[in-house]
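Q: Input structure: entry-v6.txt, which contains compact mmCIF, C-alpha atoms.
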# COMPACT_ATOMS: atom_id res chain seq x y z
CA MET A 1245 14.91 -35.96 25.61
CA ILE A 1246 12.86 -32.84 24.92
CA PRO A 1247 14.04 -30.84 21.94
CA GLU A 1248 14.84 -27.19 22.52
CA PRO A 1249 12.27 -24.80 21.13
CA ARG A 1250 13.38 -23.01 18.02
CA THR A 1251 12.83 -19.36 17.48
CA ILE A 1252 11.91 -18.31 14.02
CA ALA A 1253 13.28 -14.96 13.08
CA ALA A 1254 10.80 -12.44 11.82
CA PRO A 1255 11.30 -11.47 8.21
CA LYS A 1256 13.63 -8.53 7.79
CA ALA A 1257 11.89 -5.26 7.20
CA MET A 1258 12.43 -3.89 3.72
CA THR A 1259 14.66 -0.86 3.56
CA PHE A 1260 13.62 2.28 1.75
CA ASP A 1261 16.24 1.66 -0.94
CA ARG A 1262 14.98 -1.87 -1.57
CA LEU A 1263 11.39 -0.61 -1.69
CA LEU A 1264 12.36 1.99 -4.28
CA GLU A 1265 14.20 -0.63 -6.30
CA LYS A 1266 11.12 -2.90 -6.17
CA ILE A 1267 8.91 -0.02 -7.34
CA ARG A 1268 11.41 0.94 -10.07
CA TYR A 1269 11.57 -2.63 -11.36
CA GLU A 1270 7.87 -3.49 -11.13
CA GLY A 1271 6.75 -0.11 -12.49
CA ALA A 1272 9.36 -0.17 -15.27
CA TYR A 1273 10.51 3.30 -14.27
CA PRO A 1274 13.72 4.38 -16.01
CA THR A 1275 15.40 5.74 -12.87
CA ARG A 1276 15.33 5.47 -9.10
CA GLU A 1277 14.38 9.14 -8.96
CA ARG A 1278 11.26 8.52 -11.07
CA ALA A 1279 10.29 5.63 -8.76
CA GLU A 1280 10.77 7.89 -5.74
CA GLU A 1281 8.59 10.59 -7.33
CA ALA A 1282 5.82 8.01 -7.81
CA LEU A 1283 6.18 6.74 -4.23
CA ASN A 1284 6.08 10.27 -2.80
CA ALA A 1285 3.04 11.29 -4.82
CA VAL A 1286 1.06 8.12 -4.11
CA LEU A 1287 1.86 7.78 -0.41
CA GLY A 1288 1.41 11.51 0.15
CA GLY A 1289 -2.04 11.34 -1.37
CA LEU A 1290 -2.97 8.11 0.38
CA GLY A 1291 -1.94 9.55 3.73
CA ALA A 1292 -4.77 12.06 3.38
CA GLN A 1293 -7.27 9.20 2.91
CA ILE A 1294 -6.59 6.83 5.80
CA THR A 1295 -7.43 7.56 9.45
CA GLY A 1296 -7.41 5.89 12.84
CA GLU A 1297 -5.71 2.65 13.75
CA GLU A 1298 -5.26 1.70 10.11
CA ARG A 1299 -3.23 4.87 9.51
CA VAL A 1300 -0.95 4.15 12.45
CA ALA A 1301 -0.45 0.48 11.50
CA PHE A 1302 0.09 1.32 7.81
CA ALA A 1303 2.75 3.91 8.67
CA ALA A 1304 4.45 1.51 11.09
CA ALA A 1305 4.78 -1.12 8.36
CA LEU A 1306 6.58 1.27 6.01
CA PRO A 1307 10.29 2.11 6.01
CA ARG A 1308 10.86 5.30 8.01
CA GLU A 1309 11.38 7.53 4.95
CA ALA A 1310 8.16 6.30 3.32
CA ALA A 1311 6.24 6.63 6.60
CA ARG A 1312 7.26 10.30 6.80
CA VAL A 1313 5.81 10.92 3.35
CA PHE A 1314 2.64 8.99 4.23
CA THR A 1315 2.04 10.91 7.47
CA ALA A 1316 3.07 14.36 6.20
CA GLU A 1317 -0.46 15.37 5.24
CA ALA A 1318 -3.29 15.30 7.78
CA PRO A 1319 -6.14 13.02 6.77
CA GLY A 1320 -9.42 14.50 5.62
CA ILE A 1321 -12.82 13.81 7.10
CA ASP A 1322 -14.04 11.57 4.28
CA PRO A 1323 -11.75 9.61 1.98
CA ALA A 1324 -12.04 10.37 -1.71
CA PRO A 1325 -13.42 7.73 -4.06
CA ALA A 1326 -10.66 5.83 -5.85
CA ALA A 1327 -11.36 7.54 -9.19
CA ARG A 1328 -10.99 10.99 -7.59
CA PHE A 1329 -7.82 9.84 -5.79
CA VAL A 1330 -6.35 8.91 -9.19
CA ASP A 1331 -7.54 12.16 -10.80
CA ASP A 1332 -6.04 14.19 -7.93
CA LEU A 1333 -2.79 12.23 -8.28
CA ALA A 1334 -2.70 13.02 -12.00
CA ALA A 1335 -3.29 16.71 -11.30
CA ARG A 1336 -0.55 16.84 -8.64
CA THR A 1337 2.01 15.06 -10.82
CA GLY A 1338 1.08 16.65 -14.14
CA GLY A 1339 0.39 13.22 -15.61
CA THR A 1340 -2.62 11.58 -17.15
CA ALA A 1341 -5.22 9.44 -15.43
CA ALA A 1342 -3.57 6.38 -17.00
CA THR A 1343 -0.10 7.21 -15.67
CA ALA A 1344 -1.57 8.06 -12.26
CA ARG A 1345 -3.34 4.67 -12.15
CA TRP A 1346 -0.05 3.01 -13.10
CA ASP A 1347 1.85 4.89 -10.39
CA ALA A 1348 -0.79 4.16 -7.74
CA GLY A 1349 -1.04 0.50 -8.64
CA THR A 1350 2.72 0.00 -8.73
CA VAL A 1351 3.41 1.77 -5.44
CA LEU A 1352 0.45 0.37 -3.51
CA ALA A 1353 1.06 -3.21 -4.66
CA ALA A 1354 4.71 -2.88 -3.61
CA VAL A 1355 3.97 -1.45 -0.17
CA ALA A 1356 1.22 -4.04 0.37
CA THR A 1357 3.90 -6.74 0.23
CA LEU A 1358 5.47 -5.17 3.34
CA MET A 1359 2.31 -5.57 5.37
CA ASP A 1360 0.23 -8.20 7.01
CA PRO A 1361 -2.48 -9.09 4.46
CA ALA A 1362 -5.11 -8.55 7.18
CA LEU A 1363 -3.92 -4.94 7.58
CA VAL A 1364 -4.16 -4.36 3.84
CA THR A 1365 -7.72 -5.75 3.93
CA ARG A 1366 -8.62 -3.44 6.83
CA VAL A 1367 -7.19 -0.44 4.99
CA ILE A 1368 -9.08 -1.31 1.80
CA ASP A 1369 -12.28 -1.83 3.81
CA SER A 1370 -11.87 1.63 5.38
CA LEU A 1371 -11.75 3.27 1.95
CA PRO A 1372 -14.45 3.75 -0.68
CA PRO A 1373 -14.81 1.07 -3.40
CA GLY A 1374 -12.10 0.93 -6.05
CA TYR A 1375 -8.98 1.05 -3.90
CA ALA A 1376 -8.61 -2.75 -3.82
CA LEU A 1377 -7.68 -2.70 -7.50
CA LEU A 1378 -4.99 -0.11 -6.80
CA PHE A 1379 -3.54 -2.47 -4.19
CA GLY A 1380 -3.52 -5.29 -6.73
CA ARG A 1381 -6.52 -7.09 -5.27
CA ALA A 1382 -10.00 -7.90 -6.46
CA GLN A 1383 -12.73 -5.66 -5.09
CA LEU A 1384 -15.00 -8.09 -3.29
CA THR A 1385 -18.48 -7.15 -2.22
CA THR A 1386 -19.74 -8.01 1.25
CA ALA A 1387 -21.81 -10.88 -0.21
CA ALA A 1388 -18.77 -12.30 -2.02
CA ARG A 1389 -16.68 -12.11 1.17
CA THR A 1390 -19.40 -13.93 3.08
CA GLN A 1391 -19.54 -16.66 0.43
CA LEU A 1392 -15.74 -16.99 0.41
CA GLY A 1393 -15.69 -17.22 4.19
CA ALA A 1394 -18.40 -19.91 4.19
CA ALA A 1395 -16.57 -21.83 1.45
CA ALA A 1396 -13.36 -21.75 3.49
CA TRP A 1397 -15.16 -23.23 6.51
CA ALA A 1398 -16.81 -25.92 4.38
CA ALA A 1399 -13.49 -27.03 2.88
Translate this file's structure into C-alpha cells.

A:
Amino acid sequence: MIPEPRTIAAPKAMTFDRLLEKIRYEGAYPTRERAEEALNAVLGGLGAQITGEERVAFAAALPREAARVFTAEAPGIDPAPAARFVDDLAARTGGTAATARWDAGTVLAAVATLMDPALVTRVIDSLPPGYALLFGRAQLTTAARTQLGAAAWAA
C-alpha cells in the first residue's frame, strides 16, 4: 500500500497586530502606539533605501498595513549608509541616535522573522555596510562569506 502524500501547511502570515505586539514586547515599548510609531518611522525610511526585486519581495512579506508604510516613499537612487539612515531616523522622530538605533534594530529584527532568510540576505547585500547589524545579523565580508560557504561544503 502506498501512503497518501501529506501536504504541509505553510506557516500563517503574521498579522499587523501581532507584528506590533512583537515589536512592543521585544523593544520594551510602553504602548502599542509607541511600537507603531517606531514601525512607521523605520519602515518608511527603509522603503526609500531598497529598490528592485528586493523591494517588491520585502513588501510582499509584510502585513498589508506595514507594506503600505514601506512603499509610501519612492526609493532614492543610492541607498544611504546605515549610520546616515539612523541619523535621518533620529531627525525624523526627534530622538537621539541611540534611540533611533534601538528602534531600527527592534523593528528590522522583528520584520526579518517574517521573511525567508535568503530574502533578508539579499536585502542586506543590496544596501551599504552596516545594515546587517540593524537586522540583528553579523555583517560578513565577502571573504568571510566565501569561507563560510566552503566550510559548509566541507562539513

Q: Pull the neighbourhood of (-8.2, 14.0, 5.5) for me: all residues within 8 Å in file coordinates, counting all atoms listed in the file, as an mmCIF file with C-alpha atoms, in the coordinates of the input.

A:
data_model
loop_
_atom_site.group_PDB
_atom_site.id
_atom_site.type_symbol
_atom_site.label_atom_id
_atom_site.label_comp_id
_atom_site.auth_asym_id
_atom_site.auth_seq_id
_atom_site.Cartn_x
_atom_site.Cartn_y
_atom_site.Cartn_z
ATOM 1 C CA GLY A 1291 -1.940 9.550 3.730
ATOM 2 C CA ALA A 1292 -4.770 12.060 3.380
ATOM 3 C CA GLN A 1293 -7.270 9.200 2.910
ATOM 4 C CA ILE A 1294 -6.590 6.830 5.800
ATOM 5 C CA THR A 1295 -7.430 7.560 9.450
ATOM 6 C CA GLU A 1317 -0.460 15.370 5.240
ATOM 7 C CA ALA A 1318 -3.290 15.300 7.780
ATOM 8 C CA PRO A 1319 -6.140 13.020 6.770
ATOM 9 C CA GLY A 1320 -9.420 14.500 5.620
ATOM 10 C CA ILE A 1321 -12.820 13.810 7.100
ATOM 11 C CA ASP A 1322 -14.040 11.570 4.280
ATOM 12 C CA PRO A 1323 -11.750 9.610 1.980
#

Q: Per residue of segment 1279-1385 of chain A within 10 Å of segment 1256-1264 of chain A, what are the shortest atom pair and its distance in Å to one decimal, counting all atoms listed in the file, with rows by chain and residue number, as a Markdown table?

A:
| residue | atom | partner | partner_atom | distance |
| --- | --- | --- | --- | --- |
| A:Ala1279 | CA | A:Leu1264 | CA | 6.1 |
| A:Glu1280 | CA | A:Leu1264 | CA | 6.3 |
| A:Glu1281 | CA | A:Leu1264 | CA | 9.9 |
| A:Ala1282 | CA | A:Leu1264 | CA | 9.6 |
| A:Leu1283 | CA | A:Leu1264 | CA | 7.8 |
| A:Ala1305 | CA | A:Ala1257 | CA | 8.3 |
| A:Leu1306 | CA | A:Met1258 | CA | 8.1 |
| A:Pro1307 | CA | A:Phe1260 | CA | 5.4 |
| A:Arg1308 | CA | A:Phe1260 | CA | 7.5 |
| A:Glu1309 | CA | A:Phe1260 | CA | 6.5 |
| A:Ala1310 | CA | A:Phe1260 | CA | 7.0 |
| A:Ala1311 | CA | A:Phe1260 | CA | 9.8 |
| A:Val1351 | CA | A:Leu1264 | CA | 9.0 |
| A:Ala1354 | CA | A:Leu1263 | CA | 7.3 |
| A:Val1355 | CA | A:Leu1263 | CA | 7.6 |
| A:Thr1357 | CA | A:Met1258 | CA | 9.6 |
| A:Leu1358 | CA | A:Met1258 | CA | 7.1 |
| A:Met1359 | CA | A:Ala1257 | CA | 9.8 |

Q: I'd like the contact shell of Ala1342 of chain A - 10 Å cut-off, all atoms listed in the file, skipping same-chain residues fewer than 6 positions apart - returned as a short mmCIF file (atom, residue, chain, number, x, y, z; two decimals) with C-alpha atoms, in the coordinates of the input.

A:
data_model
loop_
_atom_site.label_atom_id
_atom_site.label_comp_id
_atom_site.auth_asym_id
_atom_site.auth_seq_id
_atom_site.Cartn_x
_atom_site.Cartn_y
_atom_site.Cartn_z
CA VAL A 1330 -6.35 8.91 -9.19
CA ASP A 1331 -7.54 12.16 -10.80
CA ALA A 1334 -2.70 13.02 -12.00
CA ALA A 1348 -0.79 4.16 -7.74
#

Q: Under the rule that all atoms listed in the file are counted, which of A:Ala1285, A:Ala1316, A:Ile1267, A:Ala1382 is the nearest residue to Arg1336 of chain A?

A: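 Of A:Ala1285, A:Ala1316, A:Ile1267, A:Ala1382, the one nearest Arg1336 of chain A is A:Ala1285, counting all atoms listed in the file.
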
Q: Show me, as a ChimeraX atom specification, the residues that have an atom within 12 Å of Pro1372 of chain A when counting only C-alpha atoms, minus same-chain residues fewer than 4 positions from it.

A: /A:1293-1294,1322-1329,1366-1368,1376-1378,1383,1385

Q: Ranking A:Ala1344, A:Gly1296, A:Leu1290, A:Gly1380 by minimum distance to Ala1356 of chain A and counting all atoms listed in the file, which one comes first?

A: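 Comparing A:Ala1344, A:Gly1296, A:Leu1290, A:Gly1380 against Ala1356 of chain A, the winner is A:Gly1380.
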
Q: For each of A:Asp1332, A:Asp1347, A:Asp1360, A:Asp1369, take the minimum atom-to-atom distance to Ala1301 of chain A, counting all atoms listed in the file, then give the residue where this is smallest.

A: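 Of A:Asp1332, A:Asp1347, A:Asp1360, A:Asp1369, the one nearest Ala1301 of chain A, counting all atoms listed in the file, is A:Asp1360.
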
Q: With distances taken over only C-alpha atoms, which residue among A:Val1313, A:Arg1299, A:Thr1337, A:Arg1345 lies nearest Ser1370 of chain A?

A: A:Arg1299

Q: Which residue out of A:Thr1315, A:Leu1287, A:Leu1333, A:Glu1297 has the minimum interatomic distance to Leu1352 of chain A when only C-alpha atoms are used?

A: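 Using only C-alpha atoms, Leu1352 of chain A sits closest to A:Leu1287.
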
Q: Choose the residue, out of A:Gly1349, A:Lys1266, A:Arg1276, A:Leu1363, that has the smallest atom-to-atom separation from Ala1304 of chain A; count all atoms listed in the file.

A: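 Closest residue, counting all atoms listed in the file: A:Leu1363.
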
Q: Suppose you want the space between atom CA of Gly1338 of chain A and atom CA of Gly1271 of chain A; what is it in Å?

A: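 Here the two named atoms are 17.8 Å from each other.
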
Q: Could you jot down the atom CA of Ala1272 of chain A to atom CA of Gly1374 of chain A separation for me, Å, one decimal place?

A: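 These atoms are spaced 23.4 Å apart.
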
Q: If you measure from atom CA of Glu1298 of chain A to atom CA of Val1364 of chain A, what distance in Å do you get, rounded to one decimal?

A: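 Distance reported for this atom pair: 8.8 Å.
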